[in-house]
file work35.txt (compact mmCIF, C-alpha atoms)
# COMPACT_ATOMS: atom_id res chain seq x y z
CA MET D 1 -32.71 -41.41 42.40
CA LYS D 2 -31.11 -38.83 44.68
CA ILE D 3 -28.68 -36.44 43.08
CA PHE D 4 -26.19 -34.45 45.19
CA PRO D 5 -26.11 -30.67 44.61
CA ALA D 6 -22.58 -30.72 43.12
CA SER D 7 -23.44 -33.51 40.71
CA ARG D 8 -26.70 -31.78 39.87
CA PHE D 9 -24.82 -28.59 39.05
CA PHE D 10 -22.37 -30.50 36.88
CA ILE D 11 -25.15 -32.22 34.96
CA LEU D 12 -26.88 -28.87 34.51
CA ILE D 13 -23.86 -27.15 33.01
CA PHE D 14 -22.71 -30.16 31.04
CA PRO D 15 -24.75 -29.11 27.97
CA LEU D 16 -22.61 -25.96 27.84
CA PHE D 17 -19.70 -28.09 26.77
CA LEU D 18 -21.67 -29.88 24.10
CA GLY D 19 -21.25 -26.77 22.00
CA SER D 20 -18.39 -26.28 19.62
CA CYS D 21 -15.63 -23.97 18.63
CA PHE D 22 -13.95 -23.49 15.31
CA ILE D 23 -11.12 -21.69 13.61
CA ASN D 24 -10.82 -20.83 9.96
CA ARG D 25 -8.17 -19.20 7.82
CA GLN D 26 -8.69 -17.62 4.42
CA SER D 27 -6.09 -16.10 2.18
CA SER D 28 -5.90 -14.62 -1.28
CA GLY D 29 -3.04 -13.64 -3.53
CA GLU D 30 0.57 -14.69 -3.33
CA PRO D 31 2.62 -13.55 -0.32
CA PHE D 32 5.74 -11.50 -0.97
CA SER D 33 8.67 -10.62 1.25
CA ALA D 34 10.49 -7.42 2.16
CA LYS D 35 13.64 -8.99 0.71
CA LEU D 36 11.98 -9.36 -2.68
CA LEU D 37 10.76 -5.74 -2.59
CA ARG D 38 14.25 -4.41 -1.93
CA ALA D 39 15.18 -5.45 -5.45
CA PHE D 40 13.07 -2.61 -6.86
CA GLN D 41 14.77 0.77 -7.06
CA PRO D 42 12.92 4.01 -7.85
CA GLY D 43 14.48 5.67 -10.88
CA LYS D 44 15.90 2.37 -12.18
CA THR D 45 13.21 -0.29 -12.11
CA GLU D 46 10.69 -0.38 -14.93
CA ALA D 47 7.13 -1.74 -14.96
CA LYS D 48 8.21 -4.77 -16.96
CA ASP D 49 10.79 -5.67 -14.26
CA VAL D 50 8.10 -5.60 -11.59
CA VAL D 51 5.76 -7.73 -13.66
CA ALA D 52 8.57 -10.17 -14.46
CA LYS D 53 9.26 -10.72 -10.74
CA LEU D 54 5.80 -10.47 -9.22
CA GLY D 55 3.54 -11.46 -12.08
CA ALA D 56 0.31 -9.76 -13.01
CA PRO D 57 -0.77 -7.07 -10.54
CA SER D 58 -4.05 -7.23 -8.63
CA ASN D 59 -5.05 -3.90 -10.14
CA ILE D 60 -3.70 -1.10 -12.33
CA VAL D 61 -4.76 2.51 -11.88
CA ARG D 62 -4.21 5.02 -14.66
CA LEU D 63 -3.05 8.32 -13.17
CA ASN D 64 -2.73 11.76 -14.74
CA GLU D 65 0.92 11.24 -15.60
CA GLY D 66 1.73 7.58 -15.32
CA SER D 67 0.16 4.63 -13.59
CA ALA D 68 0.16 2.66 -10.35
CA TYR D 69 0.23 -1.11 -9.90
CA VAL D 70 -0.90 -2.82 -6.73
CA TYR D 71 -0.06 -6.30 -5.50
CA GLU D 72 -2.02 -7.71 -2.60
CA HIS D 73 -2.00 -10.76 -0.40
CA THR D 74 -4.67 -10.93 2.31
CA GLN D 75 -4.98 -13.29 5.22
CA GLY D 76 -8.06 -13.54 7.42
CA LYS D 77 -8.34 -15.58 10.59
CA THR D 78 -11.71 -16.39 12.13
CA ALA D 79 -12.33 -17.91 15.53
CA GLY D 80 -15.74 -18.76 16.93
CA VAL D 81 -17.28 -20.55 19.85
CA PHE D 82 -20.82 -21.75 20.39
CA LEU D 83 -21.80 -22.23 24.03
CA LEU D 84 -25.35 -23.33 24.67
CA ALA D 85 -27.28 -20.46 23.12
CA VAL D 86 -24.52 -17.90 22.64
CA PHE D 87 -22.37 -17.72 19.54
CA VAL D 88 -19.37 -15.40 19.36
CA ALA D 89 -16.99 -15.09 16.45
CA ASN D 90 -14.37 -12.70 15.21
CA THR D 91 -12.54 -12.28 11.92
CA ASP D 92 -9.26 -10.43 11.66
CA GLN D 93 -8.18 -9.71 8.12
CA ARG D 94 -4.94 -7.97 7.25
CA ALA D 95 -2.97 -7.59 4.08
CA ASP D 96 0.44 -7.48 2.53
CA ARG D 97 0.09 -4.71 -0.01
CA VAL D 98 2.53 -2.88 -2.23
CA TRP D 99 1.90 -0.02 -4.63
CA PHE D 100 4.32 0.83 -7.43
CA PHE D 101 4.01 4.27 -9.00
CA PHE D 102 5.37 4.68 -12.54
CA ASP D 103 5.87 7.78 -14.64
CA LYS D 104 4.63 8.08 -18.21
CA ASN D 105 7.73 6.14 -19.37
CA ASP D 106 6.85 3.23 -17.05
CA ARG D 107 9.83 3.97 -14.80
CA LEU D 108 9.33 3.44 -11.05
CA THR D 109 9.07 6.74 -9.16
CA HIS D 110 7.72 5.68 -5.74
CA MET D 111 6.67 2.56 -3.93
CA GLY D 112 4.84 1.94 -0.68
CA ALA D 113 4.51 -1.39 1.07
CA THR D 114 2.74 -2.74 4.12
CA LEU D 115 3.41 -6.27 5.29
CA ALA D 116 0.72 -7.01 7.85
CA ALA D 117 -0.89 -10.27 6.73
CA SER D 118 1.22 -12.34 9.10
CA ARG D 119 -0.01 -10.25 12.04
CA SER D 120 -3.65 -11.38 11.72
CA GLU D 121 -4.81 -13.21 14.83
CA TYR D 122 -7.34 -15.76 16.01
CA SER D 123 -9.23 -13.71 18.55
CA MET D 124 -12.56 -12.97 20.18
CA PRO D 125 -14.76 -9.91 19.47
CA TRP D 126 -13.90 -8.19 22.75
CA GLU D 127 -10.16 -8.28 22.18
CA ASP D 128 -8.23 -5.20 21.11
CA LEU D 129 -6.31 -6.36 18.05
CA TYR D 130 -4.26 -3.26 17.47
CA ASP D 131 -3.02 -2.63 21.00
CA ASP D 132 0.57 -3.03 19.88
CA LEU D 133 0.25 -0.54 17.02
CA PRO D 134 1.18 2.71 18.83
CA SER D 135 4.57 1.43 19.91
CA ARG D 136 5.28 0.21 16.41
CA MET D 137 4.13 3.49 14.88
CA GLU D 138 6.36 5.58 17.08
CA LYS D 139 9.22 3.95 15.29
CA GLY D 140 7.90 5.77 12.24
CA ALA D 141 6.65 3.07 9.94
CA GLN D 142 3.64 0.90 9.36
CA GLY D 143 4.80 -2.65 9.01
CA GLU D 144 7.75 -2.65 6.77
CA SER D 145 7.61 0.28 4.43
CA GLU D 146 9.73 0.94 1.43
CA LYS D 147 10.40 4.29 -0.14
CA MET B 1 -38.85 -33.42 38.04
CA ARG B 2 -38.27 -29.68 37.74
CA PHE B 3 -34.54 -30.29 37.44
CA CYS B 4 -35.07 -32.80 34.62
CA LEU B 5 -37.31 -30.37 32.75
CA LEU B 6 -34.70 -27.63 33.11
CA TRP B 7 -31.97 -29.96 31.82
CA VAL B 8 -34.04 -31.05 28.83
CA GLY B 9 -34.93 -27.41 28.18
CA LEU B 10 -31.26 -26.40 28.13
CA VAL B 11 -30.38 -29.18 25.74
CA LEU B 12 -33.22 -28.35 23.37
CA LEU B 13 -32.46 -24.65 23.55
CA GLN B 14 -29.19 -25.22 21.73
CA GLY B 15 -31.01 -26.03 18.54
CA CYS B 16 -33.63 -23.31 18.44
CA LEU B 17 -32.31 -20.13 20.02
CA SER B 18 -28.99 -18.44 19.67
CA LEU B 19 -27.58 -15.05 20.55
CA ASN B 20 -24.78 -14.00 18.24
CA TRP B 21 -21.93 -11.59 18.65
CA VAL B 22 -20.04 -11.50 15.39
CA ARG B 23 -17.32 -9.01 14.56
CA SER B 24 -15.07 -8.57 11.56
CA ARG B 25 -12.08 -6.26 11.39
CA LYS B 26 -10.26 -5.48 8.19
CA ASN B 27 -6.92 -3.75 7.74
CA GLU B 28 -4.90 -2.01 10.42
CA PRO B 29 -5.91 1.63 10.98
CA PRO B 30 -3.35 4.27 10.03
CA SER B 31 -1.40 5.48 13.03
CA SER B 32 -2.55 8.79 14.52
CA PHE B 33 1.10 9.49 15.32
CA ALA B 34 2.01 9.20 11.65
CA VAL B 35 -1.00 11.22 10.50
CA GLN B 36 -0.11 14.07 12.84
CA ALA B 37 3.43 14.08 11.49
CA LEU B 38 2.22 14.94 7.97
CA ARG B 39 2.40 18.62 7.03
CA LEU B 40 0.44 20.25 4.22
CA GLY B 41 2.73 21.86 1.65
CA GLN B 42 5.78 20.17 3.16
CA SER B 43 5.31 16.40 3.26
CA ASN B 44 5.71 14.56 0.01
CA LEU B 45 4.54 11.25 -1.41
CA ASP B 46 7.71 9.41 -0.34
CA GLN B 47 7.36 10.53 3.27
CA CYS B 48 3.68 9.62 3.40
CA LEU B 49 4.29 6.15 1.98
CA GLY B 50 7.15 5.66 4.42
CA LEU B 51 5.04 6.67 7.43
CA LEU B 52 1.75 5.04 6.53
CA GLY B 53 2.73 2.15 4.30
CA ALA B 54 0.74 1.10 1.28
CA PRO B 55 -2.68 2.72 0.84
CA LEU B 56 -5.84 0.75 0.24
CA LEU B 57 -6.74 2.80 -2.82
CA VAL B 58 -5.12 5.15 -5.28
CA GLN B 59 -7.26 7.35 -7.48
CA ARG B 60 -7.11 10.39 -9.69
CA GLY B 61 -8.12 13.60 -7.92
CA PRO B 62 -9.43 16.91 -9.23
CA GLY B 63 -7.13 18.78 -11.59
CA LYS B 64 -4.01 16.74 -12.02
CA SER B 65 -3.84 15.63 -8.41
CA THR B 66 -3.52 12.09 -7.09
CA GLU B 67 -5.39 10.80 -4.05
CA LEU B 68 -4.34 7.99 -1.74
CA LEU B 69 -6.71 6.40 0.77
CA TRP B 70 -5.87 4.38 3.86
CA ALA B 71 -8.86 2.68 5.45
CA SER B 72 -9.79 0.16 8.08
CA GLY B 73 -13.12 -1.45 8.85
CA ASP B 74 -14.82 -2.72 11.98
CA PHE B 75 -18.12 -4.44 11.27
CA GLY B 76 -20.55 -6.54 13.25
CA GLY B 77 -22.69 -6.55 16.34
CA TRP B 78 -25.24 -8.52 18.29
CA GLY B 79 -27.90 -10.69 16.74
CA ILE B 80 -30.51 -13.24 17.63
CA SER B 81 -31.84 -16.23 15.79
CA ILE B 82 -34.85 -18.37 16.68
CA SER B 83 -36.09 -21.39 14.80
CA LEU B 84 -38.74 -23.92 15.70
CA ASN B 85 -39.59 -27.26 14.21
CA LEU B 86 -43.28 -27.48 15.10
CA PHE B 87 -44.64 -29.93 12.58
CA ARG B 88 -43.68 -31.33 9.25
CA PHE B 89 -43.31 -28.44 6.78
CA VAL B 90 -43.93 -25.95 9.58
CA ASN B 91 -40.60 -24.47 10.59
CA PRO B 92 -40.95 -20.80 11.51
CA SER B 93 -37.71 -18.93 12.07
CA PHE B 94 -36.58 -15.42 12.83
CA SER B 95 -33.15 -13.91 12.78
CA TYR B 96 -31.78 -10.44 13.34
CA GLN B 97 -28.19 -9.31 13.06
CA GLY B 98 -27.32 -5.81 14.16
CA SER B 99 -24.46 -4.22 12.32
CA ASP B 100 -22.38 -1.39 13.68
CA GLU B 101 -20.36 -0.46 10.66
CA THR B 102 -17.39 1.80 10.86
CA ALA B 103 -15.04 2.05 7.91
CA GLN B 104 -12.78 4.97 8.69
CA ALA B 105 -10.47 6.40 6.11
CA LEU B 106 -7.70 8.89 5.64
CA ARG B 107 -7.41 10.57 2.25
CA LEU B 108 -4.28 12.43 1.20
CA ARG B 109 -4.21 14.52 -1.96
CA PHE B 110 -0.97 15.29 -3.74
CA ASP B 111 -0.27 17.85 -6.44
CA PRO B 112 1.49 16.78 -9.69
CA LYS B 113 4.87 17.36 -8.00
CA GLY B 114 3.98 14.89 -5.23
CA VAL B 115 3.53 17.48 -2.47
CA LEU B 116 0.76 16.94 0.07
CA VAL B 117 -1.96 19.55 -0.45
CA GLN B 118 -4.97 18.14 1.40
CA LYS B 119 -5.57 15.78 4.30
CA SER B 120 -9.10 14.49 5.02
CA GLN B 121 -10.43 11.98 7.51
CA GLY B 122 -13.89 10.44 7.68
CA SER B 123 -15.92 7.49 6.53
CA LEU B 124 -14.62 5.53 3.56
CA ALA B 125 -17.90 6.04 1.73
CA SER B 126 -17.62 9.82 1.94
CA LEU B 127 -14.00 9.97 0.83
CA ARG B 128 -14.04 7.46 -2.00
CA ARG B 129 -14.85 8.64 -5.49
call {"tool": "encode", "arguments": {"input": "work35.txt", "output": "structure tokens"}}
result
Amino acid sequence: MKIFPASRFFILIFPLFLGSCFINRQSSGEPFSAKLLRAFQPGKTEAKDVVAKLGAPSNIVRLNEGSAYVYEHTQGKTAGVFLLAVFVANTDQRADRVWFFFDKNDRLTHMGATLAASRSEYSMPWEDLYDDLPSRMEKGAQGESEK
Amino acid sequence: MRFCLLWVGLVLLQGCLSLNWVRSRKNEPPSSFAVQALRLGQSNLDQCLGLLGAPLLVQRGPGKSTELLWASGDFGGWGISISLNLFRFVNPSFSYQGSDETAQALRLRFDPKGVLVQKSQGSLASLRR
């Protein structure tokens, strides 16, 4: 059987496409919105108010004078491709995270929030994931931050 | 004949040899612009939280200070895996996964009044208590 060069090339590379690709998404914790966080006011909100609205925190840290509660929601996106004998995959995990700082009377003194989970991307290892960060930072905030 | 052997070789290769490039990135790094804007003895906790967002960790520091850490990780690298099915119960395999691990962190220390007194940058392992 005579095979033309073009057909021969196609048959040769055909196994490349027998490989596979996949995507996967993992998340943990409950997401929360900037709108919800605006309800908390330093100097007014108490620890019990935060717990009533957000539930049990992911962690509590005892500080020298007071405590800090953290709430976290993470989202990771993985993309991979298997071509013949080469496998490449990348995972991008980012988080929505908010810290509440309370004084010794459990009154909110400070809070800091980053909402970045929704910015996680399906991507390949060679991609620069944070190329848009400098422009966002020059505006003076990481994600949406609350004082 | 040679072409057929090459084709069969390529098909079989899929099952026994693979080169891997796996990378995992966690958390956005703190902005260098924001870090440069922080001033020792002048910036306070509110300003730092506003510029950098929520830290990864909060911990008690020496004296009555409080430390906040922002960190991001970039893990992974090249690897190779070889496995052969020679005979029944004889399946030798070898795998190697290189790991270039960089977990960079920024640690800010605040005095009891919430004023920034120390700013450190380095690996997360060296800055975490």
call {"tool": "atom_distance", "arguments": {"input": "work35.txt", "atom1": "CA of Ile60 (chain D)", "atom2": "CA of Leu69 (chain B)"}}
result
15.4 Å
call {"tool": "residues_around", "arguments": {"input": "work35.txt", "residues": "Phe32 (chain D)", "least_positions_apart": "2", "cutoff": "10 Å", "atoms": "all atoms listed in the file", "output": "list of chain:residue names"}}
result
D:Gly29, D:Glu30, D:Ala34, D:Lys35, D:Leu36, D:Leu37, D:Leu54, D:Tyr71, D:Glu72, D:His73, D:Asp96, D:Arg97, D:Val98, D:Leu115
call {"tool": "closest_atom_pairs", "arguments": {"input": "work35.txt", "of": "chain B", "to": "chain D", "cutoff": "8 Å", "atoms": "only C-alpha atoms", "output": "Markdown table"}}
result
| residue | atom | partner | partner_atom | distance |
| --- | --- | --- | --- | --- |
| B:Trp7 | CA | D:Leu12 | CA | 5.9 |
| B:Leu10 | CA | D:Pro15 | CA | 7.1 |
| B:Val11 | CA | D:Pro15 | CA | 6.1 |
| B:Leu13 | CA | D:Ala85 | CA | 6.7 |
| B:Gln14 | CA | D:Leu84 | CA | 5.2 |
| B:Leu17 | CA | D:Ala85 | CA | 5.9 |
| B:Ser18 | CA | D:Ala85 | CA | 4.3 |
| B:Leu19 | CA | D:Val86 | CA | 4.7 |
| B:Asn20 | CA | D:Phe87 | CA | 4.6 |
| B:Trp21 | CA | D:Val88 | CA | 4.6 |
| B:Val22 | CA | D:Ala89 | CA | 4.8 |
| B:Arg23 | CA | D:Asn90 | CA | 4.8 |
| B:Ser24 | CA | D:Thr91 | CA | 4.5 |
| B:Arg25 | CA | D:Asp92 | CA | 5.0 |
| B:Lys26 | CA | D:Gln93 | CA | 4.7 |
| B:Asn27 | CA | D:Arg94 | CA | 4.7 |
| B:Glu28 | CA | D:Arg94 | CA | 6.8 |
| B:Pro30 | CA | D:Gln142 | CA | 7.8 |
| B:Ser31 | CA | D:Met137 | CA | 6.2 |
| B:Phe33 | CA | D:Met137 | CA | 6.7 |
| B:Ala34 | CA | D:Gly140 | CA | 6.8 |
| B:Leu45 | CA | D:His110 | CA | 7.7 |
| B:Asp46 | CA | D:Lys147 | CA | 5.8 |
| B:Gln47 | CA | D:Lys147 | CA | 7.7 |
| B:Leu49 | CA | D:Gly112 | CA | 5.0 |
| B:Gly50 | CA | D:Ser145 | CA | 5.4 |
| B:Leu51 | CA | D:Ala141 | CA | 4.7 |
| B:Leu52 | CA | D:Gln142 | CA | 5.4 |
| B:Gly53 | CA | D:Thr114 | CA | 4.9 |
| B:Ala54 | CA | D:Ala113 | CA | 4.5 |
| B:Pro55 | CA | D:Trp99 | CA | 7.6 |
| B:Val58 | CA | D:Val61 | CA | 7.1 |
| B:Gln59 | CA | D:Val61 | CA | 7.0 |
| B:Arg60 | CA | D:Leu63 | CA | 5.7 |
| B:Lys64 | CA | D:Asn64 | CA | 5.8 |
| B:Ser65 | CA | D:Asn64 | CA | 7.5 |
| B:Thr66 | CA | D:Leu63 | CA | 7.2 |
call {"tool": "closest_residue", "arguments": {"input": "work35.txt", "among": "D:Asp131, D:Cys21, D:Ala56, D:Val50", "to": "Phe102 (chain D)", "atoms": "only C-alpha atoms"}}
result
D:Val50
call {"tool": "residues_around", "arguments": {"input": "work35.txt", "residues": "Gly114 (chain B)", "least_positions_apart": "3", "cutoff": "7 Å", "atoms": "all atoms listed in the file", "output": "number ranges by chain"}}
result
B: 44-45, 110-111
call {"tool": "residues_around", "arguments": {"input": "work35.txt", "residues": "Asp49 (chain D)", "least_positions_apart": "5", "cutoff": "10 Å", "atoms": "all atoms listed in the file", "output": "ChimeraX atom specification"}}
result
/D:39-40,44,54-55,107-108
call {"tool": "write_last_selection", "arguments": {"input": "work35.txt", "atoms": "C-alpha atoms", "output": "short mmCIF file (atom, residue, chain, number, x, y, z; two decimals), in the frame of the given file"}}
result
data_model
loop_
_atom_site.label_atom_id
_atom_site.label_comp_id
_atom_site.auth_asym_id
_atom_site.auth_seq_id
_atom_site.Cartn_x
_atom_site.Cartn_y
_atom_site.Cartn_z
CA ALA D 39 15.18 -5.45 -5.45
CA PHE D 40 13.07 -2.61 -6.86
CA LYS D 44 15.90 2.37 -12.18
CA LEU D 54 5.80 -10.47 -9.22
CA GLY D 55 3.54 -11.46 -12.08
CA ARG D 107 9.83 3.97 -14.80
CA LEU D 108 9.33 3.44 -11.05
#
call {"tool": "atom_distance", "arguments": {"input": "work35.txt", "atom1": "CA of Ser28 (chain D)", "atom2": "CA of Pro57 (chain D)"}}
result
13.0 Å
call {"tool": "residues_near_point", "arguments": {"input": "work35.txt", "point": "(-22.5, -4.1, 13.2)", "cutoff": "10 Å", "atoms": "all atoms listed in the file", "output": "PyMOL selection string"}}
result
chain B and resi 21-24+74-79+97-102
call {"tool": "atom_distance", "arguments": {"input": "work35.txt", "atom1": "CA of Ile80 (chain B)", "atom2": "CA of Val81 (chain D)"}}
result
15.3 Å
call {"tool": "axis_aligned_box", "arguments": {"input": "work35.txt", "around": "region 14-23 of chain B", "padding_each_side": "8 Å", "output": "AutoDock Vina command-line options"}}
result
--center_x -25.5 --center_y -17.5 --center_z 18.1 --size_x 32.3 --size_y 33.0 --size_z 23.2
